[in-house]
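Engineer: I'd like to ask you about the structure that follows.
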Amino acid sequence: EPKLSGNFGKLMSWADEIRKLKIRTNADTPHDSEVARNFGAEGIGLCRTEHMFFEGDRIKAVREMILAEDEAGRRKALEKLLPYQRDDFYGIFKVMHDLPVTVRTLDPPLHEFLPHDEASQKEMAEEMGISVEEVKAKVEALAEFNPMLGHRGCRLGITYPEITEMQARAIIEAACQLTKEGIKVFPEIMIPLIGTKAELEHQKKVVVETAEKVMEEMGVKVDYLVGTMIEIPRAALTADRVAEAADFFSFGTNDLTQMTFGYSRDDAGKFLKEYEEKGILPDDPFQTLDQEGVGQLVEMGVKKGRSTRPDLKVGICGEHGGDPRSIDFCHRVGLDYVSCSPYRVPIARLAAAQAELRNRKK
Ligand code: PEP
Ligand code: MG
């Protein structure tokens, strides 16, 4: 794996002496975690769990869960996923020993796990021993006009708490196992797409009850936190209330930008180029944080959150976490850390130091 050495390593260590912001990484494999750690990441700020659901046999169990007719059926399928998830988290926690790892519960709409073209639908039907019509019917039943504003994030976990339960179990089982082996782990379980405190409370209860049960079964205690993404404007506006149920906040500025501007994050490219050319918007707000609008929500979220919980840990894990100009803003509003992709960690370390120096001069 690449490591920072020589003059570049020295420059980085100078940056580290100066910066106040911590730098974490967005990673969901042991390999990416290791790359980021070698680049100086001080933890994982976002471990997305959706990619883990696609590999090998897992997708079959995921599809069984989606096709199941009742909770018992879903639980049976989730039981098959549990060992895979436990291994996933075990591997990542081990690489990131001594550092915090924020794991996010399942986020995407379930239709993303089903095939949408005829040939793959046929293949899935054969593999699962059902008819193509059944597959098509499920795809149709899950179709939404606006899936990114639809049945995803915590809404999934609230509808199907057994999914959150399986993931919380996998996280805490892996953490207990490593603790028994003498390896220090700091899991932080993060609930996505919260708009109200009640949503977070619902999911937190599932997580805490599961964690307590697992720790009793395994006879070890682990320190874990439960927190939330702040990526819906309403969550930022009501952050003082949301903070009553959260140990930490992480701003998901991809979704927050989408919902503040009302630009689809998947389609905005079609007109944003022209906006830039015509001077309507100087920067792509999905690349550089829009300080005037989205930034106000971030700043408000930090202030309101800390008015309830002065010790609230606050970070950012959207794409902006690796952009120098956005990092400067994150420094000014008092975030504890930014989280970015592994290869942007060195730039983020430098940008965080520059932000501190720029700030001192004023
Ligand atoms: C975000 O919305 O900013 C975020 C980090 O989550 P995702 O991109 O997975 O929606
Ligand atoms: Mg998001």
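Each chain in the structure tokens gets a letter, A, B and so on, in the order shown; residues start at 1 in every chain, and ligands are counted from 1 in the order they appear.
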Taking only C-alpha atoms and all ligand atoms into account, which residues have an atom no farther than 7 Å from ligand 1? I'd like them as a list of chain:residue names.
Structural biologist: A:Arg48, A:Glu231, A:Phe251, A:Gly252, A:Thr253, A:Asn254, A:Asp255, A:Leu256, A:Cys317, A:Gly318, A:Glu319
Engineer: Could you save the residues just selected, with C-alpha atoms, as a PDB file, in the first residue's frame?
Structural biologist:
ATOM      1  CA  ARG A  48     -21.613   2.630   3.806  1.00  0.00           C
ATOM      2  CA  GLU A 231     -28.897  15.400   5.531  1.00  0.00           C
ATOM      3  CA  PHE A 251     -23.638  16.093   7.828  1.00  0.00           C
ATOM      4  CA  GLY A 252     -24.481  14.275   4.619  1.00  0.00           C
ATOM      5  CA  THR A 253     -23.981  17.218   2.342  1.00  0.00           C
ATOM      6  CA  ASN A 254     -24.760  15.242  -0.828  1.00  0.00           C
ATOM      7  CA  ASP A 255     -28.381  14.766   0.178  1.00  0.00           C
ATOM      8  CA  LEU A 256     -28.493  18.072   2.048  1.00  0.00           C
ATOM      9  CA  CYS A 317     -19.157  12.861   5.317  1.00  0.00           C
ATOM     10  CA  GLY A 318     -20.544  14.178   2.023  1.00  0.00           C
ATOM     11  CA  GLU A 319     -18.244  14.641  -1.002  1.00  0.00           C
TER      12      GLU A 319
END
Engineer: Can you list, as a list in words, every protein, DNA or RNA residue that comes within 9 Å of Val214 (chain A) when you count only C-alpha atoms, leaving out same-chain residues fewer than 3 positions away?
Structural biologist: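 The residues satisfying every condition are Arg169, Ile172, Glu173, Cys176, Glu209, Thr210, Ala211, Glu217, Met218, Gly219 and Val220 of chain A.
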Engineer: Check the DSSP output for the backbone and give back, as a PyMOL selection string, the residues of region 114-269 of chain A in alpha helix (DSSP H).
Structural biologist: chain A and resi 118-128+132-142+154-159+161-180+197-218+233-237+239-242+253-261+269
Engineer: Neighbours of Glu55 (chain A) within 12 Å (only C-alpha atoms; same-chain residues fewer than 3 positions away dropped), as a short mmCIF file (atom, residue, chain, number, x, y, z; two decimals) with N, CA, C and O atoms, in the first residue's frame?
Structural biologist:
data_model
loop_
_atom_site.label_atom_id
_atom_site.label_comp_id
_atom_site.auth_asym_id
_atom_site.auth_seq_id
_atom_site.Cartn_x
_atom_site.Cartn_y
_atom_site.Cartn_z
N THR A 49 -22.92 0.60 4.10
CA THR A 49 -23.04 -0.87 4.15
C THR A 49 -23.72 -1.46 2.92
O THR A 49 -23.79 -2.68 2.79
N GLU A 50 -24.23 -0.60 2.02
CA GLU A 50 -25.00 -1.15 0.90
C GLU A 50 -24.15 -1.98 -0.07
O GLU A 50 -24.62 -3.01 -0.58
N HIS A 51 -22.88 -1.57 -0.29
CA HIS A 51 -22.05 -2.31 -1.24
C HIS A 51 -21.83 -3.74 -0.76
O HIS A 51 -21.66 -4.65 -1.55
N MET A 52 -21.84 -3.91 0.56
CA MET A 52 -21.59 -5.24 1.12
C MET A 52 -22.70 -6.22 0.77
O MET A 52 -22.54 -7.42 0.92
N ARG A 58 -24.47 -13.22 -1.09
CA ARG A 58 -25.24 -12.28 -0.27
C ARG A 58 -26.45 -11.73 -1.00
O ARG A 58 -27.51 -11.60 -0.42
N ILE A 59 -26.24 -11.41 -2.26
CA ILE A 59 -27.33 -10.78 -3.00
C ILE A 59 -28.55 -11.71 -3.03
O ILE A 59 -29.69 -11.26 -2.98
N LYS A 60 -28.27 -13.02 -3.02
CA LYS A 60 -29.38 -13.99 -3.03
C LYS A 60 -30.17 -13.88 -1.73
O LYS A 60 -31.40 -13.83 -1.73
N ALA A 61 -29.45 -13.80 -0.62
CA ALA A 61 -30.14 -13.67 0.68
C ALA A 61 -30.86 -12.33 0.78
O ALA A 61 -31.97 -12.25 1.32
N VAL A 62 -30.26 -11.28 0.22
CA VAL A 62 -30.90 -9.96 0.24
C VAL A 62 -32.22 -10.03 -0.53
O VAL A 62 -33.26 -9.52 -0.09
N LEU A 81 -27.45 -13.43 6.20
CA LEU A 81 -26.57 -12.28 5.94
C LEU A 81 -25.67 -11.96 7.13
O LEU A 81 -24.58 -11.41 6.98
N TYR A 84 -21.88 -12.83 7.22
CA TYR A 84 -21.13 -12.02 6.24
C TYR A 84 -20.89 -10.62 6.80
O TYR A 84 -19.79 -10.08 6.73
N GLN A 85 -21.94 -10.01 7.34
CA GLN A 85 -21.81 -8.66 7.87
C GLN A 85 -20.84 -8.62 9.04
O GLN A 85 -20.05 -7.70 9.17
N ASP A 88 -17.46 -8.60 7.66
CA ASP A 88 -17.17 -7.29 7.08
C ASP A 88 -16.67 -6.33 8.16
O ASP A 88 -15.63 -5.69 8.02
N PHE A 113 -31.59 -3.46 -5.19
CA PHE A 113 -31.03 -4.81 -5.07
C PHE A 113 -31.71 -5.80 -6.02
O PHE A 113 -31.42 -6.98 -6.00
#
Engineer: Find the residues near region 260-274 of chain A: any atom within 8 Å, counting only C-alpha atoms, skip ones fewer than 5 places away on the same chain, and give them as a list in words.
Structural biologist: Pro233, Asn254, Asp255, Leu281, Asp284, Phe286, Gly293 and Val294 of chain A
Engineer: Could you save those same residues with N, CA and C atoms as a PDB file, in the first residue's frame?
Structural biologist:
ATOM      1  N   PRO A 233     -33.054  18.907   5.346  1.00  0.00           N
ATOM      2  CA  PRO A 233     -33.132  20.245   5.949  1.00  0.00           C
ATOM      3  C   PRO A 233     -33.878  20.259   7.283  1.00  0.00           C
ATOM      4  N   ASN A 254     -24.258  15.600   0.510  1.00  0.00           N
ATOM      5  CA  ASN A 254     -24.760  15.242  -0.828  1.00  0.00           C
ATOM      6  C   ASN A 254     -26.283  15.361  -0.833  1.00  0.00           C
ATOM      7  N   ASP A 255     -26.920  14.682   0.102  1.00  0.00           N
ATOM      8  CA  ASP A 255     -28.381  14.766   0.178  1.00  0.00           C
ATOM      9  C   ASP A 255     -28.845  16.144   0.636  1.00  0.00           C
ATOM     10  N   LEU A 281     -24.805  30.077 -11.176  1.00  0.00           N
ATOM     11  CA  LEU A 281     -24.156  29.475 -10.002  1.00  0.00           C
ATOM     12  C   LEU A 281     -22.664  29.387 -10.324  1.00  0.00           C
ATOM     13  N   ASP A 284     -20.292  24.215  -8.857  1.00  0.00           N
ATOM     14  CA  ASP A 284     -21.195  23.069  -8.722  1.00  0.00           C
ATOM     15  C   ASP A 284     -21.375  22.805  -7.221  1.00  0.00           C
ATOM     16  N   PHE A 286     -22.545  20.465  -5.661  1.00  0.00           N
ATOM     17  CA  PHE A 286     -22.282  19.089  -5.230  1.00  0.00           C
ATOM     18  C   PHE A 286     -20.780  18.849  -5.061  1.00  0.00           C
ATOM     19  N   GLY A 293     -26.283  28.932   1.356  1.00  0.00           N
ATOM     20  CA  GLY A 293     -27.540  28.247   1.677  1.00  0.00           C
ATOM     21  C   GLY A 293     -27.325  26.976   2.488  1.00  0.00           C
ATOM     22  N   VAL A 294     -26.712  25.963   1.838  1.00  0.00           N
ATOM     23  CA  VAL A 294     -26.481  24.680   2.510  1.00  0.00           C
ATOM     24  C   VAL A 294     -25.621  24.898   3.758  1.00  0.00           C
TER      25      VAL A 294
END
Engineer: Any idea what's packed within 7 Å of region 330-343 of chain A, counting only C-alpha atoms, ignoring anything in its chain fewer than 3 positions away? Could you give it as a list in words?
Structural biologist: Leu21, Lys22, Ile23, Arg24, Thr25, Asn26, Ala27, Asp32, Val35, Ala36, Gly45, Glu299, Lys313, Val314, Gly315, Ile316, Cys317, Glu319, Gly321, Gly322, Ser326, Ile327 and Ala355 of chain A
Engineer: Please list as an mmCIF file with N, CA and C atoms, in the first residue's frame every residue within 8 Å of Ile163 (chain A), counting only C-alpha atoms and excluding residues in the same chain fewer than 3 positions away.
Structural biologist:
data_model
loop_
_atom_site.group_PDB
_atom_site.id
_atom_site.type_symbol
_atom_site.label_atom_id
_atom_site.label_comp_id
_atom_site.auth_asym_id
_atom_site.auth_seq_id
_atom_site.Cartn_x
_atom_site.Cartn_y
_atom_site.Cartn_z
ATOM 1 N N LEU A 78 -32.296 -12.731 6.731
ATOM 2 C CA LEU A 78 -31.302 -11.870 7.391
ATOM 3 C C LEU A 78 -30.306 -12.685 8.207
ATOM 4 N N LEU A 106 -28.362 0.513 6.653
ATOM 5 C CA LEU A 106 -28.714 0.451 5.224
ATOM 6 C C LEU A 106 -29.465 1.702 4.746
ATOM 7 N N GLY A 157 -35.466 1.113 7.908
ATOM 8 C CA GLY A 157 -35.238 0.530 9.232
ATOM 9 C C GLY A 157 -36.462 0.624 10.133
ATOM 10 N N TYR A 160 -38.848 -2.018 8.501
ATOM 11 C CA TYR A 160 -38.308 -3.364 8.738
ATOM 12 C C TYR A 160 -37.215 -3.290 9.810
ATOM 13 N N MET A 166 -30.264 -6.751 12.574
ATOM 14 C CA MET A 166 -29.204 -7.626 12.069
ATOM 15 C C MET A 166 -27.894 -6.852 11.965
ATOM 16 N N GLN A 167 -27.966 -5.619 11.460
ATOM 17 C CA GLN A 167 -26.727 -4.862 11.287
ATOM 18 C C GLN A 167 -26.112 -4.472 12.633
#
Engineer: Just list as a compact mmCIF listing (two decimals) with N, CA and C atoms, in the first residue's frame whatever in region 110-342 of chain A DSSP marks as strand (DSSP E or B).
Structural biologist:
# COMPACT_ATOMS: atom_id res chain seq x y z
N PHE A 186 -13.88 1.23 18.45
CA PHE A 186 -14.83 2.28 18.83
C PHE A 186 -15.92 2.44 17.79
N PRO A 187 -16.89 1.50 17.81
CA PRO A 187 -17.95 1.61 16.79
C PRO A 187 -18.93 2.75 17.08
N GLU A 188 -19.31 3.41 16.00
CA GLU A 188 -20.31 4.47 16.08
C GLU A 188 -21.39 4.11 15.06
N ILE A 189 -22.56 3.84 15.55
CA ILE A 189 -23.63 3.40 14.65
C ILE A 189 -24.45 4.61 14.22
N MET A 190 -24.59 4.76 12.91
CA MET A 190 -25.18 5.99 12.38
C MET A 190 -26.44 5.70 11.56
N ILE A 191 -27.49 6.44 11.90
CA ILE A 191 -28.79 6.26 11.23
C ILE A 191 -28.94 7.30 10.11
N LEU A 225 -21.31 4.31 20.20
CA LEU A 225 -22.15 5.51 20.16
C LEU A 225 -23.27 5.27 19.14
N VAL A 226 -24.35 5.99 19.32
CA VAL A 226 -25.42 5.98 18.32
C VAL A 226 -25.67 7.43 17.91
N GLY A 227 -25.58 7.69 16.63
CA GLY A 227 -25.78 9.05 16.15
C GLY A 227 -26.52 9.07 14.84
N THR A 228 -26.52 10.22 14.21
CA THR A 228 -27.33 10.34 13.00
C THR A 228 -26.67 11.18 11.92
N MET A 229 -27.06 10.89 10.70
CA MET A 229 -26.73 11.77 9.60
C MET A 229 -27.65 12.98 9.72
N ILE A 230 -27.13 14.15 9.38
CA ILE A 230 -27.99 15.33 9.21
C ILE A 230 -27.90 15.63 7.72
N PHE A 248 -23.75 11.80 18.25
CA PHE A 248 -22.97 12.55 17.26
C PHE A 248 -23.84 12.86 16.04
N PHE A 249 -23.41 13.86 15.29
CA PHE A 249 -24.02 14.24 14.01
C PHE A 249 -22.98 14.07 12.92
N SER A 250 -23.42 13.65 11.74
CA SER A 250 -22.55 13.74 10.58
C SER A 250 -23.36 14.32 9.43
N PHE A 251 -22.89 15.44 8.90
CA PHE A 251 -23.64 16.09 7.83
C PHE A 251 -23.42 15.35 6.52
N LYS A 313 -20.38 15.31 19.14
CA LYS A 313 -19.32 15.20 18.13
C LYS A 313 -19.95 15.49 16.79
N VAL A 314 -19.32 16.35 16.00
CA VAL A 314 -19.91 16.72 14.73
C VAL A 314 -18.90 16.63 13.59
N GLY A 315 -19.33 15.98 12.51
CA GLY A 315 -18.47 15.88 11.33
C GLY A 315 -19.26 16.01 10.06
N ILE A 316 -18.56 15.81 8.95
CA ILE A 316 -19.21 15.86 7.64
C ILE A 316 -18.71 14.67 6.84
N TYR A 337 -14.52 16.99 12.73
CA TYR A 337 -13.77 16.28 11.69
C TYR A 337 -14.46 16.39 10.34
N VAL A 338 -13.67 16.15 9.30
CA VAL A 338 -14.22 15.94 7.97
C VAL A 338 -13.87 14.52 7.57
N SER A 339 -14.72 13.91 6.75
CA SER A 339 -14.45 12.55 6.29
C SER A 339 -14.50 12.53 4.77
N CYS A 340 -13.46 11.96 4.16
CA CYS A 340 -13.40 11.99 2.69
C CYS A 340 -12.85 10.67 2.16
Engineer: Could you check the closest approach to Lys197 (chain A) for each of A:Thr164, A:Gln287, A:Thr179, A:Thr238 and tell me which residue wins, using only C-alpha atoms?
Structural biologist: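 Nearest to Lys197 (chain A): A:Thr238.
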